[in-house]
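This is query-v5.txt (compact mmCIF, C-alpha atoms).
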# COMPACT_ATOMS: atom_id res chain seq x y z
CA MET E 1 133.03 -62.17 -128.88
CA ALA E 2 135.77 -59.69 -129.64
CA ALA E 3 138.76 -61.05 -131.52
CA LEU E 4 141.85 -61.69 -129.44
CA ASN E 5 144.85 -59.48 -130.03
CA ASP E 6 148.16 -61.21 -130.67
CA GLY E 7 149.29 -61.07 -127.06
CA GLU E 8 146.03 -62.52 -125.76
CA PHE E 9 146.12 -65.19 -128.43
CA ALA E 10 149.67 -66.19 -127.46
CA ASP E 11 148.62 -66.41 -123.80
CA GLN E 12 145.68 -68.62 -124.74
CA VAL E 13 147.84 -70.97 -126.82
CA ARG E 14 150.53 -71.16 -124.14
CA SER E 15 148.02 -71.83 -121.36
CA TRP E 16 146.20 -74.57 -123.26
CA LEU E 17 149.38 -76.36 -124.28
CA ASP E 18 150.79 -76.19 -120.74
CA GLU E 19 147.61 -77.65 -119.27
CA GLN E 20 147.32 -80.46 -121.82
CA LEU E 21 151.00 -81.39 -121.78
CA SER E 22 151.04 -81.54 -118.00
CA GLY E 23 148.30 -84.17 -117.98
CA GLU E 24 147.85 -87.45 -119.83
CA PHE E 25 149.98 -86.27 -122.75
CA ARG E 26 153.00 -85.14 -120.72
CA GLU E 27 155.07 -88.16 -121.81
CA LEU E 28 154.73 -87.08 -125.45
CA ARG E 29 156.80 -83.92 -125.12
CA GLY E 30 159.59 -83.87 -127.69
CA LEU E 31 158.55 -87.08 -129.43
CA GLY E 32 158.25 -87.61 -133.18
CA GLY E 33 159.44 -85.55 -136.12
CA PRO E 34 161.79 -86.30 -139.03
CA GLY E 35 163.70 -89.49 -138.40
CA ARG E 36 161.55 -90.22 -135.33
CA GLU E 37 158.07 -90.68 -136.75
CA HIS E 38 157.92 -94.16 -135.20
CA GLU E 39 157.84 -92.72 -131.69
CA ALA E 40 154.46 -93.10 -129.91
CA PHE E 41 152.61 -92.84 -133.22
CA ASP E 42 149.20 -93.92 -131.92
CA GLU E 43 149.45 -91.62 -128.93
CA ARG E 44 150.47 -88.68 -131.13
CA LEU E 45 147.53 -89.41 -133.42
CA GLU E 46 145.23 -89.17 -130.42
CA TRP E 47 146.96 -85.92 -129.43
CA ASP E 48 146.28 -84.48 -132.87
CA ARG E 49 142.62 -85.33 -132.49
CA VAL E 50 142.51 -83.57 -129.13
CA LEU E 51 144.03 -80.51 -130.81
CA ALA E 52 141.34 -80.71 -133.47
CA ALA E 53 138.51 -81.00 -130.95
CA ALA E 54 139.83 -77.88 -129.20
CA GLY E 55 140.00 -75.93 -132.47
CA TRP E 56 143.79 -75.81 -132.80
CA THR E 57 144.09 -77.41 -136.22
CA CYS E 58 143.82 -75.60 -139.56
CA LEU E 59 144.00 -72.16 -137.97
CA GLY E 60 144.34 -70.28 -141.25
CA TRP E 61 141.47 -72.03 -143.01
CA PRO E 62 138.20 -70.17 -143.62
CA VAL E 63 135.61 -70.52 -140.85
CA GLU E 64 133.20 -72.34 -143.19
CA TYR E 65 135.72 -75.17 -143.48
CA GLY E 66 136.35 -75.45 -139.75
CA GLY E 67 139.27 -73.06 -139.42
CA ARG E 68 139.65 -69.82 -137.50
CA ALA E 69 140.57 -67.61 -140.47
CA ALA E 70 143.63 -66.66 -138.39
CA GLY E 71 146.01 -64.20 -139.99
CA VAL E 72 149.67 -64.88 -140.65
CA ALA E 73 150.77 -63.32 -137.34
CA GLN E 74 148.62 -65.58 -135.21
CA GLN E 75 149.53 -68.65 -137.24
CA ILE E 76 153.19 -67.84 -136.58
CA ILE E 77 152.44 -67.38 -132.88
CA PHE E 78 150.79 -70.81 -132.69
CA HIS E 79 153.64 -72.63 -134.44
CA GLU E 80 156.25 -70.92 -132.30
CA GLU E 81 154.42 -71.51 -129.01
CA TYR E 82 153.82 -75.12 -130.01
CA ALA E 83 157.54 -75.58 -130.60
CA ARG E 84 158.50 -73.77 -127.38
CA ALA E 85 156.22 -76.12 -125.43
CA ASN E 86 158.17 -79.04 -126.92
CA ALA E 87 154.83 -80.48 -127.99
CA PRO E 88 154.94 -83.74 -129.97
CA ALA E 89 155.42 -83.65 -133.73
CA ARG E 90 152.13 -83.75 -135.60
CA VAL E 91 151.18 -86.88 -137.55
CA SER E 92 148.68 -84.96 -139.69
CA HIS E 93 151.15 -82.43 -141.12
CA VAL E 94 150.86 -83.60 -144.74
CA GLY E 95 147.10 -83.24 -144.83
CA GLU E 96 146.76 -80.05 -142.80
CA GLU E 97 149.79 -78.09 -143.97
CA LEU E 98 150.09 -79.30 -147.59
CA LEU E 99 146.93 -80.76 -149.10
CA GLY E 100 144.40 -78.65 -147.21
CA PRO E 101 145.72 -75.29 -148.45
CA THR E 102 146.12 -76.81 -151.93
CA LEU E 103 142.45 -77.80 -152.03
CA LEU E 104 141.44 -74.37 -150.77
CA ALA E 105 143.42 -72.77 -153.60
CA PHE E 106 142.82 -75.19 -156.48
CA GLY E 107 140.15 -77.73 -155.51
CA THR E 108 136.45 -77.88 -156.37
CA ASP E 109 133.70 -77.28 -153.84
CA ALA E 110 132.93 -81.00 -153.91
CA GLN E 111 136.57 -81.88 -153.17
CA ARG E 112 136.72 -79.41 -150.30
CA ASP E 113 133.47 -80.71 -148.83
CA ARG E 114 134.68 -84.30 -149.14
CA PHE E 115 138.23 -84.03 -147.82
CA LEU E 116 138.69 -80.96 -145.64
CA PRO E 117 136.57 -82.22 -142.71
CA GLY E 118 138.63 -85.42 -142.43
CA ILE E 119 141.87 -83.42 -142.53
CA ARG E 120 140.68 -80.96 -139.89
CA THR E 121 139.47 -83.67 -137.49
CA VAL E 122 142.50 -85.91 -138.22
CA THR E 123 140.31 -88.84 -139.21
CA GLU E 124 141.99 -89.26 -142.61
CA LEU E 125 145.77 -89.18 -143.00
CA TRP E 126 147.60 -88.26 -146.21
CA CYS E 127 150.93 -88.89 -147.91
CA GLN E 128 152.61 -87.09 -150.82
CA GLY E 129 153.35 -89.00 -154.04
CA TYR E 130 155.96 -86.87 -155.80
CA SER E 131 159.45 -88.44 -156.03
CA GLU E 132 160.17 -91.45 -158.26
CA PRO E 133 163.24 -93.68 -158.70
CA GLY E 134 163.98 -92.13 -162.10
CA ALA E 135 163.04 -88.58 -161.14
CA GLY E 136 164.05 -87.87 -157.54
CA SER E 137 163.75 -84.15 -156.87
CA ASP E 138 163.10 -83.45 -160.56
CA LEU E 139 159.33 -83.53 -160.33
CA ALA E 140 158.89 -82.69 -164.01
CA ALA E 141 160.50 -86.03 -164.92
CA VAL E 142 157.85 -88.25 -163.30
CA SER E 143 156.69 -91.21 -165.37
CA THR E 144 153.93 -92.72 -163.23
CA SER E 145 150.99 -92.76 -165.63
CA ALA E 146 147.26 -92.34 -165.19
CA ARG E 147 144.71 -93.05 -167.92
CA LEU E 148 140.97 -92.49 -167.84
CA ASP E 149 139.12 -95.79 -167.92
CA GLY E 150 135.42 -95.04 -167.84
CA ASP E 151 134.67 -93.02 -164.74
CA GLN E 152 138.02 -93.76 -163.07
CA TRP E 153 141.73 -93.14 -163.50
CA SER E 154 143.92 -96.23 -163.84
CA ILE E 155 147.36 -95.55 -162.30
CA ASN E 156 150.59 -97.44 -162.94
CA GLY E 157 154.12 -96.69 -161.77
CA GLN E 158 156.19 -96.20 -158.65
CA LYS E 159 156.78 -93.46 -156.10
CA ILE E 160 159.64 -93.45 -153.61
CA TRP E 161 160.63 -91.73 -150.36
CA THR E 162 156.91 -91.43 -149.59
CA SER E 163 156.80 -90.38 -145.96
CA LEU E 164 154.13 -92.06 -143.81
CA ALA E 165 152.61 -93.94 -146.76
CA HIS E 166 152.36 -97.00 -144.51
CA VAL E 167 149.82 -95.23 -142.26
CA ALA E 168 148.11 -92.96 -144.81
CA ASP E 169 144.52 -93.33 -145.95
CA TRP E 170 145.02 -91.22 -149.08
CA CYS E 171 147.83 -90.02 -151.33
CA PHE E 172 148.01 -86.93 -153.53
CA ALA E 173 150.09 -88.02 -156.49
CA VAL E 174 151.49 -86.26 -159.54
CA CYS E 175 150.97 -88.51 -162.56
CA ARG E 176 151.51 -88.20 -166.30
CA THR E 177 148.05 -88.21 -167.86
CA GLU E 178 148.93 -87.21 -171.43
CA PRO E 179 150.85 -89.96 -173.30
CA GLY E 180 153.97 -88.64 -175.01
CA SER E 181 154.09 -85.44 -172.96
CA LYS E 182 157.40 -84.30 -171.49
CA ARG E 183 158.62 -82.34 -168.51
CA HIS E 184 155.95 -80.23 -166.80
CA LYS E 185 153.43 -80.66 -169.60
CA GLY E 186 150.71 -83.29 -169.34
CA LEU E 187 150.85 -83.85 -165.57
CA SER E 188 147.82 -84.15 -163.29
CA TYR E 189 147.40 -83.97 -159.52
CA LEU E 190 145.29 -86.93 -158.39
CA LEU E 191 143.79 -87.89 -155.02
CA VAL E 192 144.19 -91.64 -154.61
CA PRO E 193 142.84 -93.98 -151.87
CA MET E 194 145.63 -96.10 -150.40
CA ASP E 195 143.54 -99.05 -149.19
CA GLN E 196 143.06 -100.93 -152.46
CA PRO E 197 144.52 -104.02 -154.18
CA GLY E 198 146.38 -101.95 -156.79
CA ILE E 199 148.70 -100.29 -154.24
CA GLU E 200 151.64 -101.93 -152.48
CA VAL E 201 153.66 -100.08 -149.83
CA ARG E 202 157.19 -101.25 -148.98
CA PRO E 203 158.99 -99.52 -146.07
CA ILE E 204 162.58 -98.35 -146.64
CA VAL E 205 165.03 -98.80 -143.77
CA GLN E 206 167.03 -95.62 -143.16
CA LEU E 207 170.54 -95.14 -141.83
CA THR E 208 168.98 -94.57 -138.42
CA GLY E 209 167.37 -98.04 -138.54
CA THR E 210 163.82 -96.66 -138.70
CA SER E 211 161.35 -96.73 -141.61
CA GLU E 212 159.26 -93.61 -141.90
CA PHE E 213 159.25 -93.47 -145.69
CA ASN E 214 158.42 -96.01 -148.32
CA GLU E 215 158.27 -97.22 -151.87
CA VAL E 216 154.73 -97.16 -153.26
CA PHE E 217 153.83 -99.30 -156.27
CA PHE E 218 150.74 -98.59 -158.38
CA ASP E 219 149.50 -101.57 -160.41
CA ASN E 220 146.27 -100.50 -162.09
CA ALA E 221 145.35 -98.57 -158.96
CA ARG E 222 142.08 -96.70 -159.26
CA THR E 223 140.62 -93.37 -158.27
CA ASP E 224 137.50 -91.55 -159.41
CA ALA E 225 137.70 -89.35 -162.50
CA ASP E 226 136.66 -86.24 -160.57
CA LEU E 227 139.46 -86.60 -158.01
CA VAL E 228 141.89 -84.50 -160.03
CA VAL E 229 142.82 -81.18 -158.43
CA GLY E 230 142.76 -78.43 -161.03
CA GLU E 231 142.27 -79.41 -164.64
CA PRO E 232 143.81 -82.58 -166.12
CA GLY E 233 147.24 -81.58 -167.47
CA ASP E 234 147.52 -78.69 -164.99
CA GLY E 235 149.24 -80.74 -162.31
CA TRP E 236 152.53 -78.88 -162.46
CA ARG E 237 150.94 -75.59 -161.37
CA VAL E 238 149.05 -77.29 -158.54
CA ALA E 239 152.12 -79.24 -157.39
CA MET E 240 154.18 -76.06 -157.27
CA GLY E 241 151.46 -74.47 -155.17
CA THR E 242 151.80 -77.33 -152.68
CA LEU E 243 155.59 -76.95 -152.54
CA ASN E 244 155.32 -73.25 -151.77
CA VAL E 245 152.94 -74.03 -148.90
CA GLU E 246 155.33 -76.72 -147.63
CA ARG E 247 158.04 -74.13 -147.05
CA GLY E 248 155.79 -71.63 -145.29
CA ILE E 249 154.76 -70.60 -141.79
CA SER E 250 155.46 -73.91 -140.03
CA THR E 251 159.19 -73.48 -140.74
CA LEU E 252 159.29 -70.88 -137.93
CA GLY E 253 158.32 -73.56 -135.44
CA GLN E 254 160.94 -75.79 -137.00
CA GLN E 255 163.57 -73.15 -136.26
CA ILE E 256 162.67 -73.14 -132.59
CA ARG E 257 163.26 -76.88 -132.50
CA PHE E 258 166.59 -76.25 -134.21
CA ALA E 259 167.43 -73.69 -131.52
CA ARG E 260 166.67 -76.26 -128.82
CA GLU E 261 169.03 -78.73 -130.48
CA LEU E 262 171.76 -76.09 -130.76
CA ALA E 263 171.38 -75.14 -127.10
CA ALA E 264 171.70 -78.79 -126.05
CA ILE E 265 174.84 -79.22 -128.17
CA GLU E 266 176.31 -76.05 -126.67
CA GLU E 267 175.62 -77.37 -123.16
CA LEU E 268 177.26 -80.68 -124.08
CA ALA E 269 180.30 -78.79 -125.40
CA ARG E 270 180.51 -76.71 -122.23
CA GLU E 271 180.33 -79.76 -119.96
CA SER E 272 182.94 -81.69 -121.97
CA GLY E 273 185.32 -78.75 -122.30
CA ALA E 274 185.01 -78.83 -126.09
CA LEU E 275 184.36 -75.07 -126.12
CA ASP E 276 187.96 -74.56 -125.10
CA ASP E 277 188.80 -75.32 -128.73
CA PRO E 278 188.60 -71.90 -130.47
CA LEU E 279 187.76 -73.47 -133.83
CA LEU E 280 184.81 -75.37 -132.41
CA ALA E 281 183.69 -72.30 -130.45
CA ASP E 282 183.74 -70.34 -133.71
CA LYS E 283 181.57 -72.99 -135.39
CA MET E 284 179.12 -72.74 -132.50
CA ASP E 285 178.92 -68.97 -132.92
CA ARG E 286 178.41 -69.33 -136.67
CA ALA E 287 175.58 -71.80 -136.09
CA TRP E 288 173.91 -69.28 -133.75
CA VAL E 289 174.19 -66.55 -136.37
CA GLY E 290 172.99 -68.88 -139.12
CA LEU E 291 169.84 -69.72 -137.18
CA ARG E 292 168.97 -66.04 -136.95
CA VAL E 293 169.55 -65.68 -140.67
CA LEU E 294 167.00 -68.47 -141.21
CA ARG E 295 164.43 -66.62 -139.14
CA ALA E 296 165.09 -63.28 -140.81
CA HIS E 297 164.70 -64.84 -144.25
CA ALA E 298 161.49 -66.66 -143.28
CA LEU E 299 159.90 -63.51 -141.87
CA ARG E 300 160.98 -61.40 -144.83
CA THR E 301 159.44 -63.75 -147.37
CA MET E 302 156.36 -64.82 -145.38
CA ALA E 303 154.10 -62.18 -146.89
CA GLU E 304 155.18 -62.87 -150.48
CA THR E 305 152.15 -64.65 -151.93
CA ALA E 306 153.22 -64.60 -155.58
CA ASP E 307 156.41 -66.60 -155.20
CA ASP E 308 157.14 -68.80 -158.21
CA GLY E 309 159.23 -71.17 -156.12
CA GLY E 310 162.44 -69.15 -156.08
CA GLN E 311 162.25 -67.76 -152.55
CA ALA E 312 160.88 -71.05 -151.22
CA SER E 313 163.94 -72.74 -152.71
CA VAL E 314 166.24 -70.24 -151.02
CA GLY E 315 164.60 -71.05 -147.68
CA LYS E 316 164.90 -74.81 -148.22
CA LEU E 317 168.56 -74.49 -149.18
CA LEU E 318 169.31 -72.35 -146.11
CA TRP E 319 167.71 -74.54 -143.47
CA ALA E 320 168.80 -77.86 -144.99
CA ASN E 321 172.46 -76.86 -145.10
CA TRP E 322 172.28 -75.29 -141.64
CA HIS E 323 170.73 -78.38 -140.08
CA ARG E 324 173.16 -80.74 -141.79
CA GLY E 325 175.95 -78.58 -140.40
CA LEU E 326 174.40 -78.88 -136.94
CA GLY E 327 174.62 -82.67 -137.17
CA GLU E 328 178.29 -82.35 -138.06
CA LEU E 329 178.80 -79.92 -135.16
CA ALA E 330 177.23 -82.44 -132.77
CA MET E 331 179.71 -85.08 -133.89
CA ALA E 332 182.61 -82.62 -133.50
CA VAL E 333 181.52 -81.98 -129.92
CA ARG E 334 181.14 -85.70 -129.18
CA GLY E 335 184.60 -86.40 -130.54
CA ALA E 336 185.85 -89.96 -130.87
CA ALA E 337 183.09 -91.25 -128.58
CA GLY E 338 180.55 -90.29 -131.24
CA LEU E 339 181.98 -92.91 -133.58
CA VAL E 340 180.78 -95.80 -131.42
CA ALA E 341 177.17 -96.86 -130.92
CA ALA E 342 176.84 -98.24 -127.40
CA ASP E 343 175.33 -101.74 -127.52
CA GLY E 344 174.51 -101.06 -131.16
CA ASP E 345 172.01 -98.29 -130.29
CA LEU E 346 172.42 -94.77 -131.63
CA ASP E 347 172.30 -91.86 -129.19
CA GLU E 348 170.36 -88.69 -130.04
CA TRP E 349 173.40 -86.94 -131.56
CA GLN E 350 174.34 -89.88 -133.76
CA ARG E 351 170.74 -90.05 -134.98
CA LEU E 352 170.78 -86.31 -135.62
CA TYR E 353 174.00 -86.57 -137.62
CA LEU E 354 172.80 -89.48 -139.74
CA PHE E 355 169.33 -88.14 -140.43
CA THR E 356 170.49 -84.63 -141.28
CA ARG E 357 172.47 -86.12 -144.16
CA ALA E 358 169.06 -86.45 -145.80
CA ASP E 359 167.99 -82.84 -145.16
CA THR E 360 169.70 -81.66 -148.34
CA ILE E 361 167.95 -84.37 -150.38
CA TYR E 362 164.33 -84.75 -149.30
CA GLY E 363 161.84 -82.02 -150.10
CA GLY E 364 163.97 -81.03 -153.10
CA SER E 365 167.70 -81.69 -153.32
CA ASN E 366 170.27 -78.91 -153.05
CA GLU E 367 171.17 -79.32 -156.72
CA VAL E 368 167.58 -78.82 -157.88
CA GLN E 369 167.07 -75.87 -155.50
CA ARG E 370 170.16 -74.14 -156.89
CA ASN E 371 168.90 -74.62 -160.45
CA ILE E 372 165.57 -73.06 -159.51
CA ILE E 373 167.26 -70.11 -157.82
CA SER E 374 169.66 -69.54 -160.71
CA GLU E 375 166.90 -69.59 -163.31
CA ARG E 376 163.93 -67.99 -161.53
CA VAL E 377 165.62 -65.59 -159.11
CA LEU E 378 168.89 -64.67 -160.81
CA GLY E 379 167.66 -65.02 -164.39
CA LEU E 380 170.63 -67.14 -165.50
CA PRO E 381 170.40 -69.34 -168.63
CA ARG E 382 168.45 -72.56 -168.15
CA GLU E 383 170.31 -75.79 -167.66
CA ALA E 384 170.36 -77.96 -170.78
CA ARG E 385 167.59 -80.57 -170.64
CA GLN E 386 166.62 -83.45 -172.87
Please, can you express the file's structure as structure tokens?
Amino acid sequence: MAALNDGEFADQVRSWLDEQLSGEFRELRGLGGPGREHEAFDERLEWDRVLAAAGWTCLGWPVEYGGRAAGVAQQIIFHEEYARANAPARVSHVGEELLGPTLLAFGTDAQRDRFLPGIRTVTELWCQGYSEPGAGSDLAAVSTSARLDGDQWSINGQKIWTSLAHVADWCFAVCRTEPGSKRHKGLSYLLVPMDQPGIEVRPIVQLTGTSEFNEVFFDNARTDADLVVGEPGDGWRVAMGTLNVERGISTLGQQIRFARELAAIEELARESGALDDPLLADKMDRAWVGLRVLRAHALRTMAETADDGGQASVGKLLWANWHRGLGELAMAVRGAAGLVAADGDLDEWQRLYLFTRADTIYGGSNEVQRNIISERVLGLPREARQ
């Protein structure tokens, strides 16, 4: 069968999504996503599995691992059409978009054969064990330790802000495997089963009242010795590879969701007469321009495969600040009424405002991103470190 050109591929994606989201899954449109992962979780999990059965997961993966070997252009088309259809947020994002590409780049054949099928079919869910109470966005400061004990690693420590750990089957965790090592030296990237006595997951209640991320405690937790991605001690390089993937193609779909939010806020402002305020109208125009800057930056850097983290950090800084500003714009449009939660329940704009306060923290705080940009992109002197 001849390969589809981009236009034909877009038509195929659009047609399939329209058919599926007009049937039994129609009530899932717009559900889920950051701050709303509690919404219809089981139903969205089933939706992900329907996507997988139809061949719409892992598009960029090699054919031998169940993917379509789709190029960057068609991956962008899928993410953008998915967002335009207002399809539900994926519950398998961490496995498909983060760990899968990491295993393809750094994993062994045995690791790929073991884990990629479960990621592609959405039968095993993953979480990301990076941040710690004493490290936050400074990944090189992690202290969770792992020591070889026979044919297994013994893991002790704590991770925090671990999204979806309460539903995950596995965790990829950065641990310090060389006693006495500091900073990025002596770290390893381990694959750890979550269902074991040595792991305790405690949900964290957010400002929005929901609990999509967690504390994870490791008390002599175990994983097999061969479940280290890359060589022991090479975890920093592998972890950076994952972060670069995290800020990749899927961000273009994210921007379409941002555009939908902006359009709804503009409509609210028009109906309430808030646009009569020239200052607020100017902020609305600036938000529109800023969103196009995000897209231009993402497209410009998409083909850069040798990024050391600098451009990815620029992208994270841009969208996090823009989206936080959108939450503030929503509150400006709502005016005094936005200060009151009716019957104690937050409306969608109050939730947006509160959750976007976290955008500049999770996934790498603004402060850390600026350090990376100053050192790796601008070549400025390194910040003093202990």
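Pairwise distance (atom CA of E:Ile204, atom CA of E:Ala89) equals 20.8 Å.
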Please provide as a PDB file with C-alpha atoms, keeping the file's coordinate frame all residues within 9 Å of E:Ala73, with the sequence filter that same-chain residues fewer than 4 positions apart are discarded (counting all atoms listed in the file).
ATOM      1  CA  ASP E   6     148.160 -61.210-130.670  1.00  0.00           C
ATOM      2  CA  ILE E  77     152.440 -67.380-132.880  1.00  0.00           C
ATOM      3  CA  PHE E  78     150.790 -70.810-132.690  1.00  0.00           C
TER       4      PHE E  78
END
- Task: Do a neighbour search on stretch 206-221 of chain E at 8 Å with only C-alpha atoms, toss out local chain neighbours closer than 3 positions, and write the hits as a PyMOL selection string.
- Result: chain E and resi 35-38+153-166+196-203+346+351+354-355
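Reported to one decimal place, the separation of atom CA of E:Leu268 from atom CA of E:Val333 is 7.3 Å.
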Can you pull out the residues contacting stretch 47-59 of chain E? Cut-off 6 Å, using only C-alpha atoms, and skip same-chain residues under 2 positions away; I want them as an mmCIF file with C-alpha atoms, in the coordinates of the input.
data_model
loop_
_atom_site.group_PDB
_atom_site.id
_atom_site.type_symbol
_atom_site.label_atom_id
_atom_site.label_comp_id
_atom_site.auth_asym_id
_atom_site.auth_seq_id
_atom_site.Cartn_x
_atom_site.Cartn_y
_atom_site.Cartn_z
ATOM 1 C CA ARG E 44 150.470 -88.680 -131.130
ATOM 2 C CA LEU E 45 147.530 -89.410 -133.420
ATOM 3 C CA TRP E 61 141.470 -72.030 -143.010
ATOM 4 C CA GLY E 67 139.270 -73.060 -139.420
ATOM 5 C CA ARG E 68 139.650 -69.820 -137.500
ATOM 6 C CA ALA E 70 143.630 -66.660 -138.390
ATOM 7 C CA THR E 121 139.470 -83.670 -137.490
ATOM 8 C CA VAL E 122 142.500 -85.910 -138.220
#
- Message: Residues within 6 Å of E:Trp126, please, as a VMD selection string. Count only C-alpha atoms; anything in the same chain fewer than 5 positions from it doesn't count.
- Response: chain E and resid 94 to 95 168 to 171
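Distances here use only C-alpha atoms; by that measure, the residue among E:Ala287, E:Leu262, E:Met331, E:Ala110 closest to E:Val228 is E:Ala110.
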Report the centre and edge lengths, in Å to one decimal, of an axis-aligned box enclosing every atom of stretch 56-64 of chain E listed in the file, padded by 8 Å on each side, as AutoDock Vina command-line options.
--center_x 138.8 --center_y -73.8 --center_z -138.2 --size_x 27.1 --size_y 23.2 --size_z 26.8
Select all residues near (159.5, -82.8, -168.6) (cut-off 9 Å, inclusive, file coordinates), counting all atoms listed in the file, and output them as an mmCIF file with C-alpha atoms, in the coordinates of the input.
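Saved result, point_3.cif, follows:
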data_model
loop_
_atom_site.group_PDB
_atom_site.id
_atom_site.type_symbol
_atom_site.label_atom_id
_atom_site.label_comp_id
_atom_site.auth_asym_id
_atom_site.auth_seq_id
_atom_site.Cartn_x
_atom_site.Cartn_y
_atom_site.Cartn_z
ATOM 1 C CA ASP E 138 163.100 -83.450 -160.560
ATOM 2 C CA LEU E 139 159.330 -83.530 -160.330
ATOM 3 C CA ALA E 140 158.890 -82.690 -164.010
ATOM 4 C CA ALA E 141 160.500 -86.030 -164.920
ATOM 5 C CA VAL E 142 157.850 -88.250 -163.300
ATOM 6 C CA SER E 181 154.090 -85.440 -172.960
ATOM 7 C CA LYS E 182 157.400 -84.300 -171.490
ATOM 8 C CA ARG E 183 158.620 -82.340 -168.510
ATOM 9 C CA HIS E 184 155.950 -80.230 -166.800
ATOM 10 C CA LYS E 185 153.430 -80.660 -169.600
ATOM 11 C CA GLY E 186 150.710 -83.290 -169.340
ATOM 12 C CA ARG E 385 167.590 -80.570 -170.640
ATOM 13 C CA GLN E 386 166.620 -83.450 -172.870
#
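Going from atom CA of E:Ala225 to atom CA of E:Val192 covers 10.5 Å.
Restricting the calculation to all atoms listed in the file, the smallest distance between E:Leu4 and any of E:Gln74, E:Ser374, E:Asn366, E:Gln20 is found for E:Gln74.
With distances restricted to only C-alpha atoms, E:Val314 is the closest residue to E:Leu378 from E:Ala135, E:Ala330, E:Leu187, E:Val314.
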- Task: Please check which residues have atoms at most 8 Å from (148.7, -71.9, -159.0) in the file's coordinates, counting all atoms listed in the file, and write them as a PyMOL selection string.
- Result: chain E and resi 105-106+237-238+240-241
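If you measure from each of E:Pro101, E:Glu64, E:Gly33, E:Leu28 to E:Ala87 using all atoms listed in the file, the closest one turns out to be E:Leu28.
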- Among the residues E:Thr356, E:Ser143, E:Thr251, E:Gln152, the one that comes closest to E:Gly180 [using all atoms listed in the file]: E:Ser143
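Residue nearest E:Gly310 within the list E:Val368, E:Leu279, E:Leu294, E:Leu339: E:Val368 [criterion: smallest interatomic distance, only C-alpha atoms].
For E:His79, the set of protein, DNA and RNA residues having any atom at most 7 Å away, when counting only C-alpha atoms and skipping those fewer than 2 positions along the same chain, is Gln75, Ile76, Ile77, Glu81, Tyr82, Ala83, Ser250, Leu252 and Gly253 of chain E.
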